[in-house]
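Novice: This structure is in structure tokens; I'll ask about it shortly.
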Amino acid sequence: MYSEQPGVWDIIEEEINKPTLFRNRESLTPEHTPETLPHRENEIRQLVSAFKHLITSPGSISQRVLIVGGVGTGKTVTARVFGRDFPRKVKMKTGIDVRYAHVNCHRNRTLHNVVADIAKQLDVPLPTRGLSVKEMYDAILGYLEDNDVYAIVTLDEFHYFASIAGSDAVYFIVRTYDAMDTGIKRLNFIFISLDTQKLSLLDPTTESYLLRHMIKLNPYTSDQLYDILKYRAQEAFYEGVVDDEVLRFIAEYEGVDRNGGGNARHAIEILLLAGDIAESEGSGKIALEHVRKAIMKTSREIITVAESILYSPLHELIVLWAIIKLLRRTGKPFVKMGDVEREYEMLCELLSEQPRKHTQVYEYVMNLKKAGIIDARTSGKGTRGRTTLISIHYGPLDLFDKYIEDLIYKRMKVSRK
Ligand SMILES: Nc1ncnc2c1ncn2[C@@H]1O[C@H](COP(=O)(O)OP(=O)(O)O)[C@@H](O)[C@H]1O
Ligand SMILES: [Mg+2]
């Protein structure tokens, strides 16, 4: 009977009512600007101090600040949060109208597009007929003057602009305004760049001009990423969906102190993806295994790993196998060296192999670490006695387990022929 099958109507109903892990999934997407930024307090302070003249002596100078830092260090979001809140504060304190424009130079690759976007974001009315760059610029300045408005303009991905738009365009953006005799200075700039190298292509005066006020953002450490993830997870997920262990795991994978990229974008991406995976599997919580899958999806590491162990000696593979099996069985983020050795000995028995001595096993572990296949570190205070803690950050471990098993059996067959 057809009626036994769920109708489309029921399917829709079921899907809509399916429990979700996300309170606000959108808050983990790159477009979202969070309320606050853990570990960027100092940088925001520096921005405030650089633009304080807008409160104390508006119009006295035209400020330029350069923000530099690697991908995912929070350059864009720091500028945006400042640009959202600082004008509000100035308005409250002084009544002065400060407007913020955030222009992405990657999207607007020509001087013309950049200036047009600045005008649009500052609400400067422009005629629909095509204006030249100079005409638009004059229209912006005229508008600011007539309406007693001050502006902070951020040029994001400015290194990109510097490398493709040409030095005249850069000169126009960076220095024209200062060369003009405008009386009251209404236009202020924040430049954002990946590094200072690309800017050295500019002529030396323009370069030194840009470098005068520099705020450098460093890659995040694991502890910092943990705080950021904790905060962002609270916004995004319902209570009880993500354990600290999971956040710590992602933070340690990405932290610069653990040889990660220190990239908050990557860490948040992993968290979002792990949430999607957990949800699609119908799990009520995010487990380490969901994170491993997410990491694998966002990186090519497993392929690299497959290459690096191709020439590992048989017993190094057995040690790795022991690590994987233990991590799977315990569901913990890391396992202890002593437990790995016991597991290794059991596997040797299973394979009828003579186990290697402790020092040799330890060396295998260190080799695997050097090859980037595992993470290994000495336990800190808190654990009784010191031991080596071993972890694997990609996965999924079940696939990896199978892969290593096959490799070991193949290797043994060859060596016993
Ligand atoms: N300190 C922080 N607190 C909360 N979220 C952050 C922080 N730093 C970066 N993020 C988030 O990480 C992602 C990358 O930051 P972004 O500013 O785009 O980096 P960049 O511009 O340096 O490449 C964004 O989603 C941003 O909201
Ligand atoms: Mg950015």
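Labels used: A, B, ... for chains in the order of the structure tokens, numbers from 1 for residues in each chain, and numbers from 1 for ligands as shown.
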Identify, counting only C-alpha atoms and all ligand atoms, the protein, DNA and RNA residues located within 6 Å of ligand 1, and give them as a list in words.
Specialist: Pro30, Thr33, Leu37, Pro38, His39, Arg40, Gly70, Val71, Gly72, Thr73, Gly74, Lys75, Thr76, Val77, Ile228, Ala264 and Arg265 of chain A
Novice: Which neighbours of Gly395 in chain A fall inside 7 Å, counting only C-alpha atoms, when residues of the same chain fewer than 4 positions from it are skipped, and could you give them as an MDAnalysis selection string?
Specialist: chainID A and resid 292:293 296 400
Novice: Mind dumping the selected residues with all heavy atoms as an mmCIF file, in the first residue's frame?
Specialist:
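And here's part_21.cif as it stands now:
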```cif
data_model
loop_
_atom_site.group_PDB
_atom_site.id
_atom_site.type_symbol
_atom_site.label_atom_id
_atom_site.label_comp_id
_atom_site.auth_asym_id
_atom_site.auth_seq_id
_atom_site.Cartn_x
_atom_site.Cartn_y
_atom_site.Cartn_z
ATOM 1 N N ARG A 292 37.756 15.084 13.645
ATOM 2 C CA ARG A 292 38.777 14.488 12.769
ATOM 3 C C ARG A 292 38.296 14.462 11.327
ATOM 4 O O ARG A 292 39.043 14.754 10.399
ATOM 5 C CB ARG A 292 39.119 13.075 13.235
ATOM 6 C CG ARG A 292 39.916 13.039 14.524
ATOM 7 C CD ARG A 292 40.604 11.691 14.707
ATOM 8 N NE ARG A 292 41.309 11.632 15.984
ATOM 9 C CZ ARG A 292 40.768 11.133 17.099
ATOM 10 N NH1 ARG A 292 39.547 10.640 17.091
ATOM 11 N NH2 ARG A 292 41.464 11.120 18.222
ATOM 12 N N LYS A 293 37.052 14.102 11.138
ATOM 13 C CA LYS A 293 36.509 14.090 9.770
ATOM 14 C C LYS A 293 36.539 15.492 9.177
ATOM 15 O O LYS A 293 36.880 15.674 8.013
ATOM 16 C CB LYS A 293 35.057 13.588 9.777
ATOM 17 C CG LYS A 293 34.954 12.087 9.844
ATOM 18 C CD LYS A 293 33.504 11.636 9.697
ATOM 19 C CE LYS A 293 33.397 10.162 10.078
ATOM 20 N NZ LYS A 293 32.011 9.721 10.244
ATOM 21 N N MET A 296 39.978 16.390 8.239
ATOM 22 C CA MET A 296 40.405 15.709 7.023
ATOM 23 C C MET A 296 39.806 16.399 5.794
ATOM 24 O O MET A 296 40.469 16.561 4.787
ATOM 25 C CB MET A 296 40.004 14.252 7.041
ATOM 26 C CG MET A 296 40.642 13.508 5.887
ATOM 27 S SD MET A 296 40.313 11.766 5.914
ATOM 28 C CE MET A 296 38.640 11.750 5.369
ATOM 29 N N PHE A 400 41.740 5.106 8.693
ATOM 30 C CA PHE A 400 43.183 5.116 8.863
ATOM 31 C C PHE A 400 43.655 3.767 9.435
ATOM 32 O O PHE A 400 44.667 3.202 9.005
ATOM 33 C CB PHE A 400 43.527 6.267 9.818
ATOM 34 C CG PHE A 400 44.946 6.711 9.718
ATOM 35 C CD1 PHE A 400 45.698 6.518 8.581
ATOM 36 C CD2 PHE A 400 45.542 7.361 10.798
ATOM 37 C CE1 PHE A 400 47.005 6.935 8.497
ATOM 38 C CE2 PHE A 400 46.859 7.787 10.735
ATOM 39 C CZ PHE A 400 47.589 7.567 9.579
#
```
Novice: Give the strand (DSSP E) residues of range 120-199 of chain A, as assigned by DSSP on the backbone, as a PyMOL selection string.
Specialist: chain A and resi 149-156+187-193
Novice: Could you tell me how far CA of Gly260 in chain A sits from CA of Tyr344 in chain A, in Å to one decimal place?
Specialist: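 CA of Gly260 in chain A lies 28.5 Å from CA of Tyr344 in chain A.
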Novice: Please determine, counting only C-alpha atoms, which residue among A:His393, A:His53, A:Arg232, A:Arg377 has the shortest atom-to-atom distance to Phe249 in chain A.
Specialist: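 Checking each candidate against Phe249 in chain A, we get A:His393 as the closest.
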Novice: Can you pull out every residue within 10 Å of Val361 in chain A, counting only C-alpha atoms, but drop anything in the same chain fewer than 2 positions away, and send it as a PyMOL selection string?
Specialist: chain A and resi 315-316+318-319+337+340-341+344+355-359+363-367
Novice: Give me a file of those residues, with all heavy atoms, as a short mmCIF file (atom, residue, chain, number, x, y, z; two decimals), in the first residue's frame.
Specialist:
```
data_model
loop_
_atom_site.label_atom_id
_atom_site.label_comp_id
_atom_site.auth_asym_id
_atom_site.auth_seq_id
_atom_site.Cartn_x
_atom_site.Cartn_y
_atom_site.Cartn_z
N HIS A 315 58.05 -2.15 12.00
CA HIS A 315 57.70 -1.95 13.40
C HIS A 315 57.27 -0.52 13.71
O HIS A 315 56.56 -0.28 14.68
CB HIS A 315 58.82 -2.46 14.31
CG HIS A 315 58.75 -3.94 14.48
ND1 HIS A 315 58.29 -4.55 15.62
CD2 HIS A 315 59.01 -4.95 13.59
CE1 HIS A 315 58.29 -5.87 15.44
NE2 HIS A 315 58.72 -6.13 14.22
N GLU A 316 57.69 0.41 12.89
CA GLU A 316 57.19 1.77 13.06
C GLU A 316 55.70 1.80 12.71
O GLU A 316 54.91 2.47 13.37
CB GLU A 316 57.97 2.72 12.14
CG GLU A 316 57.82 4.18 12.49
CD GLU A 316 58.80 5.05 11.73
OE1 GLU A 316 60.02 4.91 12.00
OE2 GLU A 316 58.37 5.83 10.86
N ILE A 318 53.70 -0.74 13.04
CA ILE A 318 52.95 -1.43 14.11
C ILE A 318 52.75 -0.47 15.28
O ILE A 318 51.67 -0.45 15.89
CB ILE A 318 53.67 -2.72 14.54
CG1 ILE A 318 53.84 -3.68 13.35
CG2 ILE A 318 52.89 -3.43 15.65
CD1 ILE A 318 54.64 -4.95 13.64
N VAL A 319 53.75 0.32 15.58
CA VAL A 319 53.61 1.32 16.66
C VAL A 319 52.49 2.30 16.30
O VAL A 319 51.62 2.61 17.13
CB VAL A 319 54.94 2.08 16.89
CG1 VAL A 319 54.73 3.28 17.81
CG2 VAL A 319 56.00 1.14 17.47
N MET A 337 52.36 6.99 26.38
CA MET A 337 53.42 6.17 25.81
C MET A 337 53.37 4.74 26.35
O MET A 337 53.47 3.78 25.58
CB MET A 337 54.78 6.83 26.12
CG MET A 337 55.97 6.13 25.54
SD MET A 337 55.97 6.21 23.73
CE MET A 337 57.11 4.89 23.38
N VAL A 340 50.72 2.74 24.82
CA VAL A 340 51.04 2.44 23.42
C VAL A 340 51.97 1.24 23.35
O VAL A 340 51.80 0.34 22.54
CB VAL A 340 51.68 3.66 22.72
CG1 VAL A 340 52.24 3.28 21.36
CG2 VAL A 340 50.66 4.79 22.59
N GLU A 341 52.96 1.23 24.25
CA GLU A 341 53.92 0.11 24.24
C GLU A 341 53.24 -1.23 24.51
O GLU A 341 53.54 -2.23 23.86
CB GLU A 341 55.02 0.35 25.26
CG GLU A 341 56.15 1.16 24.67
CD GLU A 341 57.33 1.26 25.60
OE1 GLU A 341 58.18 0.35 25.57
OE2 GLU A 341 57.36 2.24 26.36
N TYR A 344 51.31 -2.17 21.54
CA TYR A 344 52.26 -2.58 20.49
C TYR A 344 52.69 -4.03 20.70
O TYR A 344 52.71 -4.84 19.77
CB TYR A 344 53.46 -1.62 20.52
CG TYR A 344 54.70 -2.14 19.84
CD1 TYR A 344 54.81 -2.17 18.46
CD2 TYR A 344 55.78 -2.61 20.60
CE1 TYR A 344 55.95 -2.64 17.84
CE2 TYR A 344 56.93 -3.08 19.99
CZ TYR A 344 57.01 -3.11 18.61
OH TYR A 344 58.14 -3.58 18.01
N PRO A 355 58.73 -8.20 19.50
CA PRO A 355 58.67 -6.76 19.79
C PRO A 355 60.05 -6.13 19.95
O PRO A 355 60.96 -6.76 20.49
CB PRO A 355 57.87 -6.68 21.09
CG PRO A 355 57.62 -8.06 21.55
CD PRO A 355 58.13 -9.03 20.53
N ARG A 356 60.21 -4.93 19.51
CA ARG A 356 61.47 -4.19 19.68
C ARG A 356 61.55 -3.64 21.10
O ARG A 356 60.53 -3.49 21.78
CB ARG A 356 61.55 -3.04 18.67
CG ARG A 356 61.45 -3.48 17.23
CD ARG A 356 62.71 -4.25 16.81
NE ARG A 356 62.70 -4.52 15.37
CZ ARG A 356 62.35 -5.68 14.82
NH1 ARG A 356 61.95 -6.68 15.59
NH2 ARG A 356 62.39 -5.84 13.51
N LYS A 357 62.79 -3.24 21.48
CA LYS A 357 63.00 -2.73 22.84
C LYS A 357 62.42 -1.31 23.01
O LYS A 357 62.20 -0.60 22.04
CB LYS A 357 64.51 -2.67 23.12
CG LYS A 357 65.17 -4.02 23.09
CD LYS A 357 65.88 -4.31 24.41
CE LYS A 357 66.10 -5.80 24.62
NZ LYS A 357 66.78 -6.49 23.49
N HIS A 358 62.28 -0.92 24.27
CA HIS A 358 61.69 0.38 24.61
C HIS A 358 62.34 1.55 23.86
O HIS A 358 61.65 2.39 23.28
CB HIS A 358 61.80 0.63 26.11
CG HIS A 358 61.45 2.04 26.50
ND1 HIS A 358 60.14 2.47 26.62
CD2 HIS A 358 62.25 3.13 26.75
CE1 HIS A 358 60.15 3.76 26.94
NE2 HIS A 358 61.40 4.18 27.02
N THR A 359 63.68 1.60 23.89
CA THR A 359 64.35 2.75 23.25
C THR A 359 64.05 2.80 21.76
O THR A 359 63.87 3.88 21.19
CB THR A 359 65.88 2.69 23.43
OG1 THR A 359 66.30 1.35 23.19
CG2 THR A 359 66.31 3.13 24.80
N GLU A 363 62.02 5.68 19.71
CA GLU A 363 62.58 6.32 18.52
C GLU A 363 61.57 6.32 17.38
O GLU A 363 61.45 7.31 16.65
CB GLU A 363 63.85 5.58 18.10
CG GLU A 363 64.82 6.47 17.36
CD GLU A 363 66.04 5.70 16.94
OE1 GLU A 363 66.70 5.09 17.82
OE2 GLU A 363 66.33 5.67 15.72
N TYR A 364 60.83 5.23 17.24
CA TYR A 364 59.79 5.18 16.21
C TYR A 364 58.76 6.30 16.44
O TYR A 364 58.34 6.98 15.50
CB TYR A 364 59.07 3.83 16.22
CG TYR A 364 59.88 2.69 15.63
CD1 TYR A 364 59.80 1.40 16.15
CD2 TYR A 364 60.69 2.90 14.51
CE1 TYR A 364 60.52 0.35 15.61
CE2 TYR A 364 61.43 1.85 13.96
CZ TYR A 364 61.34 0.58 14.51
OH TYR A 364 62.05 -0.44 13.97
N VAL A 365 58.38 6.44 17.69
CA VAL A 365 57.40 7.48 18.03
C VAL A 365 57.94 8.86 17.63
O VAL A 365 57.24 9.68 17.03
CB VAL A 365 57.03 7.44 19.53
CG1 VAL A 365 56.27 8.69 19.95
CG2 VAL A 365 56.19 6.20 19.82
N MET A 366 59.21 9.09 17.95
CA MET A 366 59.81 10.38 17.61
C MET A 366 59.90 10.57 16.10
O MET A 366 59.70 11.68 15.59
CB MET A 366 61.21 10.51 18.24
CG MET A 366 61.18 10.71 19.75
SD MET A 366 60.18 12.16 20.21
CE MET A 366 58.95 11.46 21.27
N ASN A 367 60.18 9.50 15.38
CA ASN A 367 60.23 9.59 13.92
C ASN A 367 58.86 9.94 13.34
O ASN A 367 58.74 10.75 12.43
CB ASN A 367 60.70 8.27 13.30
CG ASN A 367 62.18 8.06 13.51
OD1 ASN A 367 62.91 9.00 13.85
ND2 ASN A 367 62.64 6.83 13.36
#
```
Novice: Using CA of Leu389 in chain A and CA of Asp375 in chain A as the two end points, give the distance in Å to one decimal.
Specialist: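 Spanning CA of Leu389 in chain A to CA of Asp375 in chain A is a straight-line distance of 8.1 Å.
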Novice: Show which residues sit within 8 Å of Glu157 in chain A, as an NGL selection string. Count only C-alpha atoms, and ignore same-chain residues fewer than 5 positions away.
Specialist: :A and (104-106 or 191-194)
